[in-house]
Amino acid sequence: EVYNQCAAYLAEEQMHVDKAKEWVAQSRAIKKHWRNTWTKAQVMRADGAMEKAISLTKKALEMGKDDMSGGYKDYMKDELEKMKQEAQA
């Protein structure tokens with residue numbers, strides 16, 4: 001889905017965070033799923049809202065527990081641990 005992909009790209013590049021927030025909100029208005037919940041977590045992380053990013057990552061993992069591949073789940077869990085460390089710094 002285009003809005004989610006665009007928001008994910010901006011979050012990954014840590015640029016135009018306000019536009020990323022807008023696009024992920026549009027994606028989630030269409031339908032909330034683990035992918036755009038994860039993207040919202042990445043956007044919040046890029047914006048420095050680490051506690052919100054952690055919460056959304058946990059929610060995305062729960063939402064996608066039966067739908068995502070094991071490799072992606074492991075990646076998200078690793079990123080969650082990094083976020084926790086960043087939040088403590």
# chains A, B, ... in the order shown; residues from 1 in each chain; ligands from 1

$ residues_around --residues "Glu1 (chain A)" --least-positions-apart "2" --cutoff "10 Å" --atoms "only C-alpha atoms" --output "PyMOL selection string"
chain A and resi 3-6+27+30+35-36

$ closest_residue --among "A:Glu22, A:Glu62, A:Asp74, A:Glu79" --to "Met50 (chain A)" --atoms "only C-alpha atoms"
A:Glu79

$ residues_around --residues "Ala8 (chain A)" --least-positions-apart "4" --cutoff "10 Å" --atoms "only C-alpha atoms" --output "number ranges by chain"
A: 2-4, 12-14, 20-21, 23-24, 35-36, 38-43

$ write_last_selection --atoms "C-alpha atoms" --output "PDB file, in the first residue's frame"
ATOM      1  CA  VAL A   2       1.511   3.278  -1.170  1.00  0.00           C
ATOM      2  CA  TYR A   3       0.928   5.514   1.868  1.00  0.00           C
ATOM      3  CA  ASN A   4       2.541   2.987   4.190  1.00  0.00           C
ATOM      4  CA  GLU A  12      14.012   4.957   7.523  1.00  0.00           C
ATOM      5  CA  GLU A  13      15.772   7.978   6.031  1.00  0.00           C
ATOM      6  CA  GLN A  14      14.749  10.101   9.048  1.00  0.00           C
ATOM      7  CA  ALA A  20       5.582  10.471   7.210  1.00  0.00           C
ATOM      8  CA  LYS A  21       3.128  10.966  10.085  1.00  0.00           C
ATOM      9  CA  TRP A  23       0.998   9.267   5.267  1.00  0.00           C
ATOM     10  CA  VAL A  24       0.995   6.578   7.943  1.00  0.00           C
ATOM     11  CA  ARG A  35       2.642  -3.420   8.818  1.00  0.00           C
ATOM     12  CA  ASN A  36       1.373   0.145   9.192  1.00  0.00           C
ATOM     13  CA  TRP A  38       5.182  -1.057  12.620  1.00  0.00           C
ATOM     14  CA  THR A  39       5.639   1.860  10.220  1.00  0.00           C
ATOM     15  CA  LYS A  40       4.029   4.209  12.730  1.00  0.00           C
ATOM     16  CA  ALA A  41       6.480   2.901  15.335  1.00  0.00           C
ATOM     17  CA  GLN A  42       9.372   3.693  12.994  1.00  0.00           C
ATOM     18  CA  VAL A  43       7.987   7.173  12.359  1.00  0.00           C
TER      19      VAL A  43
END

$ closest_residue --among "A:Asp18, A:Lys59, A:Ile54, A:Lys65" --to "Leu80 (chain A)" --atoms "only C-alpha atoms"
A:Ile54

$ atom_distance --atom1 "CA of Gly71 (chain A)" --atom2 "CA of Thr37 (chain A)"
17.7 Å

$ closest_residue --among "A:Arg45, A:His33, A:Arg28, A:Lys77" --to "Ala11 (chain A)" --atoms "only C-alpha atoms"
A:Arg45

$ closest_residue --among "A:Ala25, A:Lys31, A:Lys84, A:Val17" --to "Lys58 (chain A)" --atoms "only C-alpha atoms"
A:Lys84

$ select_by_dssp --residues "region 33-83 of chain A" --states "alpha helix (DSSP H)" --output "PyMOL selection string"
chain A and resi 34-46+50-63+70-83

$ closest_residue --among "A:Gly48, A:Met68, A:Tyr75, A:Met63" --to "Ala87 (chain A)" --atoms "only C-alpha atoms"
A:Gly48

$ atom_distance --atom1 "CA of Lys19 (chain A)" --atom2 "CA of Met83 (chain A)"
22.0 Å
